[in-house]
file target_25.cif (mmCIF, C-alpha atoms)
data_structure
loop_
_atom_site.group_PDB
_atom_site.id
_atom_site.type_symbol
_atom_site.label_atom_id
_atom_site.label_comp_id
_atom_site.auth_asym_id
_atom_site.auth_seq_id
_atom_site.Cartn_x
_atom_site.Cartn_y
_atom_site.Cartn_z
ATOM 1 C CA MET A 1 254.642 -22.855 -77.760
ATOM 2 C CA LYS A 2 252.591 -19.947 -78.855
ATOM 3 C CA ALA A 3 250.457 -19.882 -81.884
ATOM 4 C CA GLY A 4 252.338 -18.223 -84.683
ATOM 5 C CA THR A 5 255.617 -16.562 -83.932
ATOM 6 C CA ASN A 6 254.243 -13.925 -81.603
ATOM 7 C CA GLY A 7 251.328 -15.579 -80.068
ATOM 8 C CA ASN A 8 247.745 -15.635 -80.731
ATOM 9 C CA ARG A 9 247.528 -17.673 -77.525
ATOM 10 C CA ARG A 10 249.556 -19.749 -75.138
ATOM 11 C CA LEU A 11 252.317 -23.157 -75.267
ATOM 12 C CA GLY A 12 255.159 -23.616 -73.926
ATOM 13 C CA LEU A 13 260.245 -30.882 -67.515
ATOM 14 C CA ALA A 14 261.858 -31.680 -63.794
ATOM 15 C CA GLY A 15 263.432 -34.640 -62.379
ATOM 16 C CA THR A 16 261.107 -35.507 -59.507
ATOM 17 C CA ARG A 17 261.410 -39.194 -60.316
ATOM 18 C CA ARG A 18 265.108 -38.793 -61.123
ATOM 19 C CA THR A 19 265.720 -36.832 -57.884
ATOM 20 C CA ARG A 20 263.887 -39.471 -55.841
ATOM 21 C CA ALA A 21 265.901 -42.241 -57.529
ATOM 22 C CA ALA A 22 269.140 -40.318 -57.011
ATOM 23 C CA SER A 23 268.332 -39.869 -53.318
ATOM 24 C CA LEU A 24 267.671 -43.591 -52.953
ATOM 25 C CA GLY A 25 270.847 -44.327 -54.902
ATOM 26 C CA VAL A 26 272.924 -42.061 -52.639
ATOM 27 C CA ALA A 27 271.453 -43.687 -49.529
ATOM 28 C CA GLY A 28 272.157 -47.158 -50.973
ATOM 29 C CA ALA A 29 275.674 -46.175 -51.974
ATOM 30 C CA ALA A 30 276.340 -44.799 -48.487
ATOM 31 C CA ALA A 31 275.159 -48.062 -46.914
ATOM 32 C CA ALA A 32 277.264 -50.094 -49.341
ATOM 33 C CA ALA A 33 280.283 -47.866 -48.692
ATOM 34 C CA ALA A 34 279.875 -48.371 -44.958
ATOM 35 C CA VAL A 35 279.949 -52.156 -45.435
ATOM 36 C CA VAL A 36 282.749 -52.051 -48.001
ATOM 37 C CA GLY A 37 284.645 -49.606 -45.804
ATOM 38 C CA LEU A 38 285.203 -52.425 -43.363
ATOM 39 C CA ALA A 39 287.220 -54.307 -45.977
ATOM 40 C CA VAL A 40 288.873 -51.470 -47.969
ATOM 41 C CA PRO A 41 291.821 -49.462 -46.668
ATOM 42 C CA ALA A 42 290.909 -45.876 -45.741
ATOM 43 C CA SER A 43 293.443 -44.512 -48.245
ATOM 44 C CA ALA A 44 291.584 -46.023 -51.213
ATOM 45 C CA SER A 45 288.942 -43.680 -52.607
ATOM 46 C CA PRO A 46 286.605 -44.375 -55.500
ATOM 47 C CA ALA A 47 286.769 -42.213 -58.619
ATOM 48 C CA PRO A 48 283.861 -39.774 -58.884
ATOM 49 C CA ALA A 49 281.089 -41.034 -61.121
ATOM 50 C CA ARG A 50 280.250 -39.052 -64.253
ATOM 51 C CA ALA A 51 276.679 -39.008 -65.436
ATOM 52 C CA ALA A 52 276.365 -40.357 -68.962
ATOM 53 C CA ALA A 53 274.305 -38.387 -71.472
ATOM 54 C CA VAL A 54 270.861 -39.856 -71.998
ATOM 55 C CA SER A 55 269.063 -39.563 -75.306
ATOM 56 C CA GLY A 56 265.749 -40.667 -76.709
ATOM 57 C CA THR A 57 262.201 -39.565 -77.415
ATOM 58 C CA GLU A 58 260.560 -36.966 -75.175
ATOM 59 C CA ASN A 59 256.865 -36.071 -75.251
ATOM 60 C CA PHE A 60 255.440 -32.753 -74.081
ATOM 61 C CA GLN A 61 251.780 -31.972 -73.499
ATOM 62 C CA ALA A 62 250.263 -28.701 -72.333
ATOM 63 C CA MET A 63 246.568 -28.225 -71.648
ATOM 64 C CA ASN A 64 244.728 -25.182 -70.423
ATOM 65 C CA THR A 65 241.130 -24.113 -69.975
ATOM 66 C CA THR A 66 241.666 -20.549 -68.824
ATOM 67 C CA THR A 67 239.306 -18.013 -70.367
ATOM 68 C CA SER A 68 242.011 -15.325 -70.221
ATOM 69 C CA GLN A 69 243.406 -14.475 -73.639
ATOM 70 C CA THR A 70 246.406 -12.789 -72.008
ATOM 71 C CA SER A 71 247.557 -15.758 -69.898
ATOM 72 C CA THR A 72 251.223 -16.594 -70.543
ATOM 73 C CA LYS A 73 251.483 -19.831 -68.524
ATOM 74 C CA ASN A 74 250.258 -23.347 -69.244
ATOM 75 C CA PRO A 75 250.493 -26.523 -67.140
ATOM 76 C CA LEU A 76 252.900 -28.961 -68.794
ATOM 77 C CA ILE A 77 253.745 -32.664 -68.556
ATOM 78 C CA ALA A 78 256.887 -34.220 -70.029
ATOM 79 C CA TYR A 79 257.516 -37.941 -70.350
ATOM 80 C CA GLY A 80 260.000 -40.184 -72.118
ATOM 81 C CA VAL A 81 263.680 -39.657 -71.318
ATOM 82 C CA PHE A 82 262.450 -37.933 -68.153
ATOM 83 C CA THR A 83 259.026 -37.541 -66.562
ATOM 84 C CA ALA A 84 258.065 -34.288 -64.875
ATOM 85 C CA ALA A 85 255.286 -31.789 -64.318
ATOM 86 C CA GLY A 86 256.050 -28.146 -65.002
ATOM 87 C CA THR A 87 254.929 -24.899 -66.559
ATOM 88 C CA ASP A 88 255.227 -23.571 -70.084
ATOM 89 C CA VAL A 89 255.955 -19.842 -69.819
ATOM 90 C CA GLU A 90 255.507 -17.775 -72.981
ATOM 91 C CA ASN A 91 258.183 -15.132 -73.467
ATOM 92 C CA ALA A 92 257.757 -11.762 -75.180
ATOM 93 C CA ASN A 93 260.398 -12.689 -77.799
ATOM 94 C CA GLY A 94 258.297 -15.505 -79.284
ATOM 95 C CA THR A 95 260.042 -18.343 -77.420
ATOM 96 C CA ASP A 96 258.820 -20.348 -74.458
ATOM 97 C CA THR A 97 260.560 -21.472 -71.294
ATOM 98 C CA PHE A 98 259.674 -24.891 -69.916
ATOM 99 C CA VAL A 99 260.146 -24.676 -66.143
ATOM 100 C CA PHE A 100 260.416 -27.731 -63.878
ATOM 101 C CA PRO A 101 261.462 -28.168 -60.238
ATOM 102 C CA GLY A 102 265.002 -29.214 -61.330
ATOM 103 C CA GLY A 103 265.620 -26.484 -63.910
ATOM 104 C CA SER A 104 264.369 -25.032 -67.169
ATOM 105 C CA PHE A 105 265.140 -24.684 -70.881
ATOM 106 C CA THR A 106 264.163 -22.563 -73.864
ATOM 107 C CA VAL A 107 261.839 -23.758 -76.619
ATOM 108 C CA THR A 108 262.090 -21.994 -79.987
ATOM 109 C CA HIS A 109 259.208 -22.898 -82.269
ATOM 110 C CA THR A 110 258.447 -22.274 -85.923
ATOM 111 C CA PRO A 111 255.030 -22.783 -87.541
ATOM 112 C CA ALA A 112 255.013 -25.081 -90.578
ATOM 113 C CA PRO A 113 254.762 -23.339 -93.956
ATOM 114 C CA GLY A 114 251.103 -22.759 -94.759
ATOM 115 C CA SER A 115 250.042 -23.347 -91.148
ATOM 116 C CA PRO A 116 247.488 -20.783 -89.913
ATOM 117 C CA GLN A 117 248.822 -17.759 -88.055
ATOM 118 C CA GLN A 118 245.520 -16.429 -86.679
ATOM 119 C CA PRO A 119 242.428 -18.055 -85.158
ATOM 120 C CA THR A 120 239.068 -17.896 -86.896
ATOM 121 C CA LEU A 121 235.943 -16.482 -85.233
ATOM 122 C CA ASN A 122 232.486 -17.477 -86.430
ATOM 123 C CA MET A 123 230.523 -14.248 -85.936
ATOM 124 C CA GLN A 124 227.202 -16.160 -85.837
ATOM 125 C CA THR A 125 228.066 -18.780 -83.203
ATOM 126 C CA CYS A 126 231.054 -17.017 -81.526
ATOM 127 C CA LEU A 127 233.124 -20.204 -81.975
ATOM 128 C CA ILE A 128 236.883 -19.615 -82.111
ATOM 129 C CA GLN A 129 239.075 -22.255 -83.759
ATOM 130 C CA PHE A 130 242.791 -22.493 -84.309
ATOM 131 C CA ALA A 131 245.019 -25.393 -85.321
ATOM 132 C CA GLN A 132 248.704 -25.185 -86.137
ATOM 133 C CA THR A 133 251.641 -27.534 -86.640
ATOM 134 C CA GLY A 134 255.332 -26.770 -86.626
ATOM 135 C CA THR A 135 258.807 -27.582 -85.381
ATOM 136 C CA PHE A 136 260.718 -26.653 -82.244
ATOM 137 C CA LYS A 137 264.263 -26.714 -80.844
ATOM 138 C CA LEU A 138 265.416 -27.014 -77.228
ATOM 139 C CA SER A 139 268.361 -25.037 -75.832
ATOM 140 C CA GLY A 140 269.575 -22.890 -72.940
ATOM 141 C CA GLY A 141 269.005 -25.419 -70.182
ATOM 142 C CA THR A 142 269.614 -24.790 -66.481
ATOM 143 C CA GLY A 143 269.974 -27.140 -63.520
ATOM 144 C CA THR A 144 269.074 -30.733 -64.388
ATOM 145 C CA TYR A 145 268.556 -29.659 -68.014
ATOM 146 C CA ARG A 146 271.781 -27.647 -68.466
ATOM 147 C CA ASN A 147 272.965 -29.916 -71.321
ATOM 148 C CA ILE A 148 269.627 -30.446 -73.054
ATOM 149 C CA SER A 149 269.463 -30.303 -76.829
ATOM 150 C CA GLY A 150 267.094 -31.626 -79.432
ATOM 151 C CA SER A 151 264.266 -30.834 -81.786
ATOM 152 C CA GLY A 152 260.844 -32.069 -82.724
ATOM 153 C CA THR A 153 257.368 -31.304 -83.999
ATOM 154 C CA TYR A 154 254.253 -29.907 -82.339
ATOM 155 C CA LYS A 155 250.512 -29.713 -82.863
ATOM 156 C CA LEU A 156 248.521 -26.857 -81.347
ATOM 157 C CA SER A 157 244.746 -26.844 -81.106
ATOM 158 C CA ILE A 158 242.591 -24.108 -79.578
ATOM 159 C CA ILE A 159 238.824 -24.047 -79.427
ATOM 160 C CA GLY A 160 236.862 -21.376 -77.610
ATOM 161 C CA ILE A 161 233.718 -19.354 -77.418
ATOM 162 C CA SER A 162 234.006 -15.591 -77.409
ATOM 163 C CA SER A 163 232.031 -13.548 -74.945
ATOM 164 C CA ARG A 164 229.148 -11.486 -76.305
ATOM 165 C CA LEU A 165 228.852 -7.726 -76.336
ATOM 166 C CA ALA A 166 225.889 -5.906 -74.754
ATOM 167 C CA ASN A 167 224.203 -5.893 -78.172
ATOM 168 C CA GLY A 168 224.428 -9.725 -78.352
ATOM 169 C CA LYS A 169 227.138 -9.827 -81.023
ATOM 170 C CA CYS A 170 230.329 -11.828 -80.619
ATOM 171 C CA ASN A 171 233.171 -9.922 -78.998
ATOM 172 C CA PRO A 172 236.100 -9.975 -81.495
ATOM 173 C CA SER A 173 238.607 -8.560 -78.966
ATOM 174 C CA GLN A 174 241.808 -10.582 -78.620
ATOM 175 C CA THR A 175 242.193 -9.464 -75.011
ATOM 176 C CA ALA A 176 238.648 -9.808 -73.620
ATOM 177 C CA PRO A 177 237.927 -12.882 -71.479
ATOM 178 C CA LEU A 178 236.317 -15.747 -73.374
ATOM 179 C CA ALA A 179 233.123 -17.565 -72.390
ATOM 180 C CA ALA A 180 235.043 -20.864 -72.671
ATOM 181 C CA SER A 181 238.395 -22.042 -73.987
ATOM 182 C CA GLN A 182 240.424 -25.228 -74.407
ATOM 183 C CA LEU A 183 244.042 -25.338 -75.500
ATOM 184 C CA LEU A 184 245.999 -28.506 -76.259
ATOM 185 C CA ILE A 185 249.613 -28.628 -77.374
ATOM 186 C CA GLN A 186 251.371 -31.895 -78.057
ATOM 187 C CA GLY A 187 255.022 -32.120 -78.989
ATOM 188 C CA VAL A 188 257.450 -34.955 -79.561
ATOM 189 C CA ALA A 189 261.217 -34.561 -79.826
ATOM 190 C CA LYS A 190 264.456 -36.472 -80.032
ATOM 191 C CA ILE A 191 266.527 -35.092 -77.171
ATOM 192 C CA LYS A 192 269.900 -35.480 -75.507
ATOM 193 C CA LEU A 193 270.109 -34.708 -71.818
#
call {"tool": "encode", "arguments": {"input": "target_25.cif", "output": "structure tokens"}}
result
Amino acid sequence: MKAGTNGNRRLGLAGTRRTRAASLGVAGAAAAAAVVGLAVPASASPAPARAAAVSGTENFQAMNTTTSQTSTKNPLIAYGVFTAAGTDVENANGTDTFVFPGGSFTVTHTPAPGSPQQPTLNMQTCLIQFAQTGTFKLSGGTGTYRNISGSGTYKLSIIGISSRLANGKCNPSQTAPLAASQLLIQGVAKIKL
């Protein structure tokens, strides 16, 4: 999730555990079928299983320490209904795409009324600060996440130190590399997968 609607700076799930469990489940089912196959006529075939929708609370956390103010990707961890490591990719249209090994989905976020839209820069110390809260919705899933839906809230916190110009003053550019930067985004949502 980006700060504001068109990003001051950076935010933005896969089924590694689920894939591993599914692989073990398939192997176990194959072994069981081989044993059961000895006692069941060959003409009998089991009905295909349908995956039931899973719902619950999902947590998202993105952290980044890049000094690039133009970076559009953040490492991401999701846990709750599913646990996965991925990447939050900021899109030009003000949305984000959460990308995981098993698929991806779109995150549409809206800052809370009265929440800051721009960071502040202390021109004496060069300290940059930004904190924002808001809501987000999940949609447009692919792969493992093709049926994802849900919404939640987020908190965004950025702290950084601007680089200094040749004259020693703080560099106010929003594209110049920073001397240091930390970004933390935490979101929690009720989802259906």
call {"tool": "resolve_selection", "arguments": {"input": "target_25.cif", "expression": "the PyMOL selection byres ((chain A and resi 170) around 6)", "output": "tab-separated table (two decimals) with C-alpha atoms, in the coordinates of the input"}}
result
chain	number	residue	atom	x	y	z
A	123	MET	CA	230.52	-14.25	-85.94
A	126	CYS	CA	231.05	-17.02	-81.53
A	164	ARG	CA	229.15	-11.49	-76.31
A	169	LYS	CA	227.14	-9.83	-81.02
A	171	ASN	CA	233.17	-9.92	-79.00
call {"tool": "resolve_selection", "arguments": {"input": "target_25.cif", "expression": "the PyMOL selection byres ((chain A and resi 185) around 8)", "output": "PyMOL selection string"}}
result
chain A and resi 1+11+60-63+154-157+183-184+186-187
call {"tool": "resolve_selection", "arguments": {"input": "target_25.cif", "expression": "the PyMOL selection byres ((chain A and resi 120) around 12)", "output": "list in words"}}
result
Asn8, Pro116, Gln117, Gln118, Pro119, Leu121, Asn122, Met123, Thr125, Cys126, Leu127, Ile128, Gln129, Phe130, Ala131, Ile158, Ile159, Gly160, Ile161, Ser162, Pro172 and Gln174 of chain A
call {"tool": "atom_distance", "arguments": {"input": "target_25.cif", "atom1": "CA of Val54 (chain A)", "atom2": "CA of Tyr79 (chain A)"}}
result
13.6 Å
call {"tool": "residues_around", "arguments": {"input": "target_25.cif", "residues": "Ser68 (chain A)", "least_positions_apart": "6", "cutoff": "10 Å", "atoms": "only C-alpha atoms", "output": "list in words"}}
result
Arg9, Gln174, Thr175, Ala176, Pro177, Leu178, Ala179, Ala180 and Ser181 of chain A
call {"tool": "closest_residue", "arguments": {"input": "target_25.cif", "among": "A:Ala92, A:Gly168, A:Phe105, A:Ala112", "to": "Gly140 (chain A)", "atoms": "only C-alpha atoms"}}
result
A:Phe105
call {"tool": "residues_around", "arguments": {"input": "target_25.cif", "residues": "Thr135 (chain A)", "least_positions_apart": "2", "cutoff": "6 Å", "atoms": "all atoms listed in the file", "output": "PyMOL selection string"}}
result
chain A and resi 109-110+152-154
